[in-house]
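Listing of input-v4.pdb, PDB, C-alpha atoms
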ATOM      1  CA  MET E   1     -13.748   7.372  -2.298  1.00  0.00           C
ATOM      2  CA  LEU E   2     -10.363   8.654  -3.516  1.00  0.00           C
ATOM      3  CA  VAL E   3      -8.181  10.839  -1.291  1.00  0.00           C
ATOM      4  CA  ASN E   4      -4.519  11.786  -1.154  1.00  0.00           C
ATOM      5  CA  MET E   5      -4.365  12.425   2.577  1.00  0.00           C
ATOM      6  CA  VAL E   6      -6.327   9.984   4.723  1.00  0.00           C
ATOM      7  CA  CYS E   7      -7.414  11.216   8.143  1.00  0.00           C
ATOM      8  CA  LEU E   8     -10.004   8.928   9.726  1.00  0.00           C
ATOM      9  CA  THR E   9     -10.301   9.439  13.465  1.00  0.00           C
ATOM     10  CA  GLU E  10     -12.649   6.494  13.782  1.00  0.00           C
ATOM     11  CA  HIS E  11     -10.222   4.012  12.290  1.00  0.00           C
ATOM     12  CA  ARG E  12      -6.972   5.812  13.122  1.00  0.00           C
ATOM     13  CA  VAL E  13      -5.503   6.408   9.689  1.00  0.00           C
ATOM     14  CA  ASP E  14      -3.326   9.381   8.839  1.00  0.00           C
ATOM     15  CA  GLY E  15      -1.259  10.378   5.834  1.00  0.00           C
ATOM     16  CA  ARG E  16       1.788  12.635   6.219  1.00  0.00           C
ATOM     17  CA  SER E  17       5.088  13.498   4.583  1.00  0.00           C
ATOM     18  CA  ALA E  18       7.832  11.734   6.547  1.00  0.00           C
ATOM     19  CA  ILE E  19      10.991  12.006   4.420  1.00  0.00           C
ATOM     20  CA  SER E  20      11.986  13.995   1.348  1.00  0.00           C
ATOM     21  CA  PRO E  21      11.673  12.683  -2.233  1.00  0.00           C
ATOM     22  CA  ALA E  22      15.481  12.661  -2.482  1.00  0.00           C
ATOM     23  CA  GLU E  23      15.726  10.528   0.660  1.00  0.00           C
ATOM     24  CA  ALA E  24      13.080   8.163  -0.726  1.00  0.00           C
ATOM     25  CA  ASN E  25      15.031   7.856  -3.981  1.00  0.00           C
ATOM     26  CA  ALA E  26      18.189   7.022  -2.042  1.00  0.00           C
ATOM     27  CA  LEU E  27      16.432   4.134  -0.281  1.00  0.00           C
ATOM     28  CA  VAL E  28      15.241   2.685  -3.596  1.00  0.00           C
ATOM     29  CA  ALA E  29      18.685   3.058  -5.170  1.00  0.00           C
ATOM     30  CA  GLU E  30      20.390   1.235  -2.313  1.00  0.00           C
ATOM     31  CA  ALA E  31      17.748  -1.514  -2.234  1.00  0.00           C
ATOM     32  CA  GLU E  32      18.089  -2.076  -5.979  1.00  0.00           C
ATOM     33  CA  ARG E  33      21.888  -2.093  -5.747  1.00  0.00           C
ATOM     34  CA  TRP E  34      21.796  -4.752  -3.041  1.00  0.00           C
ATOM     35  CA  VAL E  35      19.221  -6.864  -4.881  1.00  0.00           C
ATOM     36  CA  ALA E  36      21.248  -6.759  -8.110  1.00  0.00           C
ATOM     37  CA  GLU E  37      24.392  -7.915  -6.324  1.00  0.00           C
ATOM     38  CA  ASN E  38      22.845 -10.483  -3.981  1.00  0.00           C
ATOM     39  CA  GLY E  39      20.443 -12.706  -5.870  1.00  0.00           C
ATOM     40  CA  GLY E  40      17.262 -10.716  -6.289  1.00  0.00           C
ATOM     41  CA  TRP E  41      14.188  -9.792  -4.280  1.00  0.00           C
ATOM     42  CA  GLN E  42      12.799 -12.060  -1.558  1.00  0.00           C
ATOM     43  CA  ILE E  43       9.374 -13.624  -2.095  1.00  0.00           C
ATOM     44  CA  ASP E  44       8.853 -15.953   0.867  1.00  0.00           C
ATOM     45  CA  ARG E  45       9.411 -13.960   4.064  1.00  0.00           C
ATOM     46  CA  HIS E  46       5.720 -13.526   4.886  1.00  0.00           C
ATOM     47  CA  ARG E  47       4.001 -16.892   4.720  1.00  0.00           C
ATOM     48  CA  ALA E  48       0.340 -15.851   4.740  1.00  0.00           C
ATOM     49  CA  TYR E  49       0.573 -12.639   2.693  1.00  0.00           C
ATOM     50  CA  GLN E  50       3.694 -12.857   0.586  1.00  0.00           C
ATOM     51  CA  THR E  51       5.312  -9.762  -0.850  1.00  0.00           C
ATOM     52  CA  THR E  52       8.197  -9.216  -3.231  1.00  0.00           C
ATOM     53  CA  ASP E  53      10.458  -7.451  -0.775  1.00  0.00           C
ATOM     54  CA  LEU E  54      13.818  -6.870   0.858  1.00  0.00           C
ATOM     55  CA  ASP E  55      14.293  -7.227   4.619  1.00  0.00           C
ATOM     56  CA  VAL E  56      16.034  -4.045   5.760  1.00  0.00           C
ATOM     57  CA  SER E  57      17.668  -5.548   8.853  1.00  0.00           C
ATOM     58  CA  GLY E  58      19.007  -8.589   7.011  1.00  0.00           C
ATOM     59  CA  SER E  59      20.366  -7.026   3.849  1.00  0.00           C
ATOM     60  CA  SER E  60      22.347  -3.880   3.057  1.00  0.00           C
ATOM     61  CA  PRO E  61      24.119  -2.240   6.017  1.00  0.00           C
ATOM     62  CA  GLU E  62      23.822   1.093   4.220  1.00  0.00           C
ATOM     63  CA  LEU E  63      20.071   0.638   3.730  1.00  0.00           C
ATOM     64  CA  LEU E  64      19.723  -0.178   7.423  1.00  0.00           C
ATOM     65  CA  ARG E  65      21.759   2.896   8.370  1.00  0.00           C
ATOM     66  CA  LEU E  66      19.608   5.189   6.232  1.00  0.00           C
ATOM     67  CA  CYS E  67      16.373   3.678   7.512  1.00  0.00           C
ATOM     68  CA  ASN E  68      17.477   4.011  11.139  1.00  0.00           C
ATOM     69  CA  ILE E  69      18.160   7.707  10.555  1.00  0.00           C
ATOM     70  CA  HIS E  70      14.645   8.196   9.169  1.00  0.00           C
ATOM     71  CA  LEU E  71      12.998   6.046  11.844  1.00  0.00           C
ATOM     72  CA  GLU E  72      14.621   7.930  14.703  1.00  0.00           C
ATOM     73  CA  GLY E  73      14.468  11.370  13.107  1.00  0.00           C
ATOM     74  CA  SER E  74      10.980  11.477  11.634  1.00  0.00           C
ATOM     75  CA  ILE E  75       8.961   8.292  11.169  1.00  0.00           C
ATOM     76  CA  LEU E  76       8.659   7.009  14.745  1.00  0.00           C
ATOM     77  CA  PRO E  77       8.260  10.466  16.349  1.00  0.00           C
ATOM     78  CA  LEU E  78       5.490  11.236  13.855  1.00  0.00           C
ATOM     79  CA  LEU E  79       3.798   7.885  14.453  1.00  0.00           C
ATOM     80  CA  ALA E  80       3.953   8.383  18.225  1.00  0.00           C
ATOM     81  CA  LYS E  81       2.510  11.887  17.982  1.00  0.00           C
ATOM     82  CA  LEU E  82      -0.328  10.850  15.682  1.00  0.00           C
ATOM     83  CA  PHE E  83      -1.528   8.054  17.941  1.00  0.00           C
ATOM     84  CA  GLY E  84      -0.847   9.516  21.377  1.00  0.00           C
ATOM     85  CA  PHE E  85       2.191   7.511  22.478  1.00  0.00           C
ATOM     86  CA  ALA E  86       5.690   8.413  23.616  1.00  0.00           C
ATOM     87  CA  ALA E  87       8.465   7.647  21.145  1.00  0.00           C
ATOM     88  CA  GLN E  88      10.004   5.162  23.591  1.00  0.00           C
ATOM     89  CA  ASP E  89       6.759   3.151  23.523  1.00  0.00           C
ATOM     90  CA  LEU E  90       7.364   2.142  19.894  1.00  0.00           C
ATOM     91  CA  ALA E  91       9.533  -0.731  18.642  1.00  0.00           C
ATOM     92  CA  VAL E  92       9.941  -1.707  14.994  1.00  0.00           C
ATOM     93  CA  GLU E  93       9.254  -5.424  14.560  1.00  0.00           C
ATOM     94  CA  ASP E  94       9.715  -5.672  10.796  1.00  0.00           C
ATOM     95  CA  LEU E  95      10.869  -3.191   8.154  1.00  0.00           C
ATOM     96  CA  PHE E  96      11.064  -4.007   4.462  1.00  0.00           C
ATOM     97  CA  VAL E  97      11.127  -2.484   0.995  1.00  0.00           C
ATOM     98  CA  VAL E  98       8.331  -3.869  -1.208  1.00  0.00           C
ATOM     99  CA  LYS E  99       8.344  -3.869  -4.997  1.00  0.00           C
ATOM    100  CA  TYR E 100       5.159  -3.975  -7.086  1.00  0.00           C
ATOM    101  CA  SER E 101       5.598  -4.423 -10.835  1.00  0.00           C
ATOM    102  CA  ALA E 102       3.110  -4.490 -13.697  1.00  0.00           C
ATOM    103  CA  LEU E 103       5.305  -6.875 -15.702  1.00  0.00           C
ATOM    104  CA  GLN E 104       3.802 -10.277 -16.443  1.00  0.00           C
ATOM    105  CA  GLY E 105       4.388 -12.726 -13.619  1.00  0.00           C
ATOM    106  CA  GLU E 106       5.361 -10.043 -11.103  1.00  0.00           C
ATOM    107  CA  GLN E 107       3.443  -9.000  -7.985  1.00  0.00           C
ATOM    108  CA  ARG E 108       1.013  -6.175  -8.714  1.00  0.00           C
ATOM    109  CA  SER E 109      -1.024  -6.048  -5.502  1.00  0.00           C
ATOM    110  CA  LEU E 110      -1.510  -7.513  -2.036  1.00  0.00           C
ATOM    111  CA  ARG E 111      -4.803  -9.037  -0.949  1.00  0.00           C
ATOM    112  CA  ALA E 112      -6.772  -7.772   2.030  1.00  0.00           C
ATOM    113  CA  HIS E 113      -5.327  -8.582   5.443  1.00  0.00           C
ATOM    114  CA  ARG E 114      -4.792  -7.379   8.991  1.00  0.00           C
ATOM    115  CA  ASP E 115      -1.273  -6.953  10.363  1.00  0.00           C
ATOM    116  CA  ASP E 116      -0.222  -8.467  13.687  1.00  0.00           C
ATOM    117  CA  SER E 117       1.305  -5.140  14.720  1.00  0.00           C
ATOM    118  CA  GLU E 118      -0.610  -2.511  16.647  1.00  0.00           C
ATOM    119  CA  LEU E 119       0.694   0.198  14.308  1.00  0.00           C
ATOM    120  CA  SER E 120       1.834   0.019  10.699  1.00  0.00           C
ATOM    121  CA  PHE E 121       3.041   2.417   8.050  1.00  0.00           C
ATOM    122  CA  VAL E 122       3.456   2.428   4.281  1.00  0.00           C
ATOM    123  CA  LEU E 123       5.924   4.989   2.962  1.00  0.00           C
ATOM    124  CA  SER E 124       5.823   5.743  -0.760  1.00  0.00           C
ATOM    125  CA  LEU E 125       9.256   5.553  -2.405  1.00  0.00           C
ATOM    126  CA  SER E 126       8.240   5.900  -6.081  1.00  0.00           C
ATOM    127  CA  ASP E 127       6.714   8.813  -7.967  1.00  0.00           C
ATOM    128  CA  PRO E 128       3.222   8.107  -9.374  1.00  0.00           C
ATOM    129  CA  ALA E 129       3.630  10.992 -11.792  1.00  0.00           C
ATOM    130  CA  VAL E 130       6.381   9.236 -13.755  1.00  0.00           C
ATOM    131  CA  GLU E 131       7.080   5.708 -12.448  1.00  0.00           C
ATOM    132  CA  PHE E 132       3.745   3.870 -12.202  1.00  0.00           C
ATOM    133  CA  THR E 133      -0.041   4.110 -12.375  1.00  0.00           C
ATOM    134  CA  GLY E 134      -2.651   2.620 -10.071  1.00  0.00           C
ATOM    135  CA  GLY E 135      -1.663   1.405  -6.627  1.00  0.00           C
ATOM    136  CA  GLY E 136      -2.352   2.751  -3.167  1.00  0.00           C
ATOM    137  CA  THR E 137      -3.620   1.303   0.102  1.00  0.00           C
ATOM    138  CA  ALA E 138      -7.318   0.487   0.453  1.00  0.00           C
ATOM    139  CA  PHE E 139      -8.880   0.502   3.924  1.00  0.00           C
ATOM    140  CA  LEU E 140     -11.790  -1.907   3.834  1.00  0.00           C
ATOM    141  CA  ASP E 141     -13.347  -1.648   7.291  1.00  0.00           C
ATOM    142  CA  CYS E 142     -14.856   1.619   6.065  1.00  0.00           C
ATOM    143  CA  ASP E 143     -18.019   1.420   3.982  1.00  0.00           C
ATOM    144  CA  PRO E 144     -17.477   2.651   1.360  1.00  0.00           C
ATOM    145  CA  SER E 145     -13.803   1.764   1.437  1.00  0.00           C
ATOM    146  CA  VAL E 146     -11.179   4.499   1.540  1.00  0.00           C
ATOM    147  CA  LEU E 147      -8.212   4.578  -0.827  1.00  0.00           C
ATOM    148  CA  ALA E 148      -4.991   6.259   0.252  1.00  0.00           C
ATOM    149  CA  ALA E 149      -3.853   7.106  -3.255  1.00  0.00           C
ATOM    150  CA  PRO E 150      -0.118   7.187  -4.042  1.00  0.00           C
ATOM    151  CA  VAL E 151       1.361  10.658  -3.725  1.00  0.00           C
ATOM    152  CA  ALA E 152       4.868  12.127  -3.692  1.00  0.00           C
ATOM    153  CA  PRO E 153       7.805   9.934  -2.642  1.00  0.00           C
ATOM    154  CA  GLY E 154       8.392  10.237   1.095  1.00  0.00           C
ATOM    155  CA  THR E 155       4.717  10.503   1.963  1.00  0.00           C
ATOM    156  CA  GLY E 156       3.471   7.837   4.347  1.00  0.00           C
ATOM    157  CA  VAL E 157       0.180   6.369   5.454  1.00  0.00           C
ATOM    158  CA  PHE E 158       0.196   5.626   9.193  1.00  0.00           C
ATOM    159  CA  PHE E 159      -2.536   3.441  10.655  1.00  0.00           C
ATOM    160  CA  CYS E 160      -3.632   0.852  13.192  1.00  0.00           C
ATOM    161  CA  GLY E 161      -2.307  -2.366  11.669  1.00  0.00           C
ATOM    162  CA  ARG E 162      -5.279  -4.394  12.890  1.00  0.00           C
ATOM    163  CA  GLN E 163      -7.706  -2.803  10.453  1.00  0.00           C
ATOM    164  CA  LEU E 164      -8.401  -4.545   7.164  1.00  0.00           C
ATOM    165  CA  HIS E 165      -6.336  -3.132   4.313  1.00  0.00           C
ATOM    166  CA  ALA E 166      -4.994  -4.146   0.905  1.00  0.00           C
ATOM    167  CA  GLY E 167      -2.330  -3.104  -1.573  1.00  0.00           C
ATOM    168  CA  VAL E 168      -4.218  -1.954  -4.662  1.00  0.00           C
ATOM    169  CA  GLU E 169      -3.037  -3.249  -8.037  1.00  0.00           C
ATOM    170  CA  ILE E 170      -0.696  -1.094 -10.085  1.00  0.00           C
ATOM    171  CA  THR E 171      -1.549  -0.957 -13.789  1.00  0.00           C
ATOM    172  CA  SER E 172       1.806   0.082 -15.247  1.00  0.00           C
ATOM    173  CA  GLY E 173       5.398   0.629 -14.194  1.00  0.00           C
ATOM    174  CA  THR E 174       7.074  -0.239 -10.892  1.00  0.00           C
ATOM    175  CA  ARG E 175       6.195   0.983  -7.420  1.00  0.00           C
ATOM    176  CA  CYS E 176       8.390   0.648  -4.316  1.00  0.00           C
ATOM    177  CA  ILE E 177       7.264   1.267  -0.749  1.00  0.00           C
ATOM    178  CA  LEU E 178       8.847   1.069   2.693  1.00  0.00           C
ATOM    179  CA  ALA E 179       6.553  -0.922   4.982  1.00  0.00           C
ATOM    180  CA  GLY E 180       6.908  -1.158   8.732  1.00  0.00           C
ATOM    181  CA  PHE E 181       5.261  -3.132  11.536  1.00  0.00           C
ATOM    182  CA  VAL E 182       5.508  -1.359  14.891  1.00  0.00           C
ATOM    183  CA  ARG E 183       4.750  -2.908  18.287  1.00  0.00           C
ATOM    184  CA  LEU E 184       3.733  -0.957  21.369  1.00  0.00           C
ATOM    185  CA  HIS E 185       5.258  -1.233  24.835  1.00  0.00           C
ATOM    186  CA  PRO E 186       3.509   1.415  26.992  1.00  0.00           C
ATOM    187  CA  SER E 187       5.775   3.299  29.382  1.00  0.00           C
ATOM    188  CA  SER E 188       3.038   5.213  31.213  1.00  0.00           C
ATOM    189  CA  PRO E 189      -0.586   4.779  32.345  1.00  0.00           C
ATOM    190  CA  VAL E 190      -1.668   7.180  29.601  1.00  0.00           C
ATOM    191  CA  SER E 191       0.035   5.095  26.914  1.00  0.00           C
ATOM    192  CA  ALA E 192      -1.401   1.908  28.384  1.00  0.00           C
ATOM    193  CA  GLU E 193      -4.910   3.344  28.206  1.00  0.00           C
ATOM    194  CA  VAL E 194      -4.427   4.384  24.574  1.00  0.00           C
ATOM    195  CA  LEU E 195      -3.273   0.847  23.778  1.00  0.00           C
ATOM    196  CA  ARG E 196      -6.295  -0.684  25.529  1.00  0.00           C
ATOM    197  CA  SER E 197      -8.548   1.567  23.468  1.00  0.00           C
ATOM    198  CA  MET E 198      -6.810   0.529  20.253  1.00  0.00           C
ATOM    199  CA  GLU E 199      -7.076  -3.160  21.122  1.00  0.00           C
ATOM    200  CA  ALA E 200     -10.789  -2.796  21.851  1.00  0.00           C
ATOM    201  CA  GLU E 201     -11.264  -1.025  18.535  1.00  0.00           C
ATOM    202  CA  ALA E 202      -9.301  -3.748  16.734  1.00  0.00           C
ATOM    203  CA  ALA E 203     -11.494  -6.441  18.264  1.00  0.00           C
ATOM    204  CA  ALA E 204     -14.607  -4.570  17.164  1.00  0.00           C
ATOM    205  CA  LEU E 205     -13.263  -4.222  13.622  1.00  0.00           C
ATOM    206  CA  LYS E 206     -12.549  -7.953  13.382  1.00  0.00           C
ATOM    207  CA  ALA E 207     -16.094  -8.699  14.508  1.00  0.00           C
ATOM    208  CA  LEU E 208     -17.585  -6.698  11.647  1.00  0.00           C
ATOM    209  CA  LYS E 209     -19.339  -8.684   8.938  1.00  0.00           C
ATOM    210  CA  PRO E 210     -17.002  -8.741   5.913  1.00  0.00           C
ATOM    211  CA  ARG E 211     -18.026  -6.246   3.259  1.00  0.00           C
ATOM    212  CA  LYS E 212     -18.291  -7.481  -0.315  1.00  0.00           C
ATOM    213  CA  LYS E 213     -15.142  -6.489  -2.191  1.00  0.00           C
ATOM    214  CA  THR E 214     -15.155  -4.467  -5.353  1.00  0.00           C
ATOM    215  CA  SER E 215     -13.245  -5.747  -8.377  1.00  0.00           C
ATOM    216  CA  SER E 216     -10.381  -3.284  -7.764  1.00  0.00           C
ATOM    217  CA  GLU E 217      -9.788  -4.711  -4.281  1.00  0.00           C
ATOM    218  CA  MET E 218      -9.536  -8.382  -5.308  1.00  0.00           C
TER     219      MET E 218
END
Take the structure from the file and write it as structure tokens.
Amino acid sequence: MLVNMVCLTEHRVDGRSAISPAEANALVAEAERWVAENGGWQIDRHRAYQTTDLDVSGSSPELLRLCNIHLEGSILPLLAKLFGFAAQDLAVEDLFVVKYSALQGEQRSLRAHRDDSELSFVLSLSDPAVEFTGGGTAFLDCDPSVLAAPVAPGTGVFFCGRQLHAGVEITSGTRCILAGFVRLHPSSPVSAEVLRSMEAEAAALKALKPRKKTSSEM
């Protein structure tokens, strides 16, 4: 199943435009500038599911400044609205720029996993029309699986991090994304109830019998 905008009420996945293509390009440019001047991309920050990435909070001050503007102005308010929380309930635990490259020896994909965070997002920073082919985020608790295909830079996929998902292999070019892990700290009984519902759903998803993967998901 191939879709550009994923909206699955059952598994709490939504795809929306969060920042402009120009703003996405600016994030990539600053990340690449910092990497070029400071020893390259990081490959060992996430022990279990390693990505070729750049930690936003521990690298370029300018990248952090830009990301904070987007988090406060659009990303976190949108995430809160989509999932029924107040903006003050959300706290970013980890934020990083990920690079996928089709060059030999580079990271092309990320195997299936569940995040520790209650909410997660993947914001596209590269243009699939000119910069890469393949890619996307596959959601594997669905049967058949659902692919959030790469769309315009600045478009994000927002979802419950506890559901099983994978970074689909790119087949050419280079793709950059902004990935975020967001923790919830309910400030009201309503928010607390939404969180309890999400945690119950996450437990049910983990209890599902693993579905056999297709070749594109491995």
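Nearest-residue note for Thr51 of chain E: choosing from E:Leu63, E:Ala87, E:Ile177, E:Leu123, the minimum distance belongs to E:Ile177, counting only C-alpha atoms.
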Written as a tab-separated table (two decimals) with C-alpha atoms, keeping the file's coordinate frame, which residues does the PyMOL selection byres ((chain E and resi 67-77) around 8) give for the file shown?
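See result-v6.tsv below for the written result:
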chain	number	residue	atom	x	y	z
E	18	ALA	CA	7.83	11.73	6.55
E	19	ILE	CA	10.99	12.01	4.42
E	27	LEU	CA	16.43	4.13	-0.28
E	56	VAL	CA	16.03	-4.04	5.76
E	63	LEU	CA	20.07	0.64	3.73
E	64	LEU	CA	19.72	-0.18	7.42
E	65	ARG	CA	21.76	2.90	8.37
E	66	LEU	CA	19.61	5.19	6.23
E	78	LEU	CA	5.49	11.24	13.86
E	79	LEU	CA	3.80	7.88	14.45
E	80	ALA	CA	3.95	8.38	18.23
E	81	LYS	CA	2.51	11.89	17.98
E	86	ALA	CA	5.69	8.41	23.62
E	87	ALA	CA	8.46	7.65	21.14
E	90	LEU	CA	7.36	2.14	19.89
(message) Taking only C-alpha atoms into account, name the residue in E:Arg183, E:Arg45, E:Arg175, E:Arg16 that is nearest to Gly154 of chain E.
(response) E:Arg16
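Here atom CA of Glu201 of chain E stands at a distance of 8.9 Å from atom CA of Arg162 of chain E.
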(message) I'd like to know which of E:Thr52, E:Glu118, E:Phe85, E:Val168 is closest to Ser187 of chain E, using all atoms listed in the file.
(response) E:Phe85
(request) Take atom CA of Pro128 of chain E and atom CA of Asp141 of chain E and report the distance between them in Å, one decimal. (result) 25.4 Å
Spatial neighbours of Leu103 of chain E, max dist 9 Å, all atoms listed in the file, sep filter under 4 positions, as a PDB file with C-alpha atoms, in the coordinates of the input:
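Below is the file result22.pdb, written as the result:
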ATOM      1  CA  GLN E 107       3.443  -9.000  -7.985  1.00  0.00           C
ATOM      2  CA  ARG E 108       1.013  -6.175  -8.714  1.00  0.00           C
ATOM      3  CA  SER E 172       1.806   0.082 -15.247  1.00  0.00           C
ATOM      4  CA  GLY E 173       5.398   0.629 -14.194  1.00  0.00           C
ATOM      5  CA  THR E 174       7.074  -0.239 -10.892  1.00  0.00           C
TER       6      THR E 174
END
(request) Taking (-5.6, -0.4, -1.0) in the file's own coordinates, collect the residues within 9 Å, counting all atoms listed in the file, and hand them back as number ranges by chain. (result) E: 109-112, 135-140, 145-149, 165-169, 216-217
(message) I need the residue nearest Asp115 of chain E from this list: E:Ala22, E:Leu184, E:Cys160, E:Ile170. Use all atoms listed in the file for the distance.
(response) E:Cys160
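If you look at atom CA of Glu62 of chain E and atom CA of Phe181 of chain E, they are 20.4 Å away from each other.
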Contact residues around segment 23-25 of chain E with all atoms listed in the file at 8 Å, ignoring same-chain residues under 5 positions, as a compact mmCIF listing (two decimals) with C-alpha atoms, in the frame of the given file:
# COMPACT_ATOMS: atom_id res chain seq x y z
CA SER E 124 5.82 5.74 -0.76
CA LEU E 125 9.26 5.55 -2.40
CA SER E 126 8.24 5.90 -6.08
CA PRO E 153 7.80 9.93 -2.64
CA GLY E 154 8.39 10.24 1.10
(request) Go through E:Phe96, E:Phe83, E:Ser20, E:Ala29 one by one, measure the shortest atom-to-atom distance of each to Gly58 of chain E using only C-alpha atoms, and give the residue with the smallest value. (result) E:Phe96
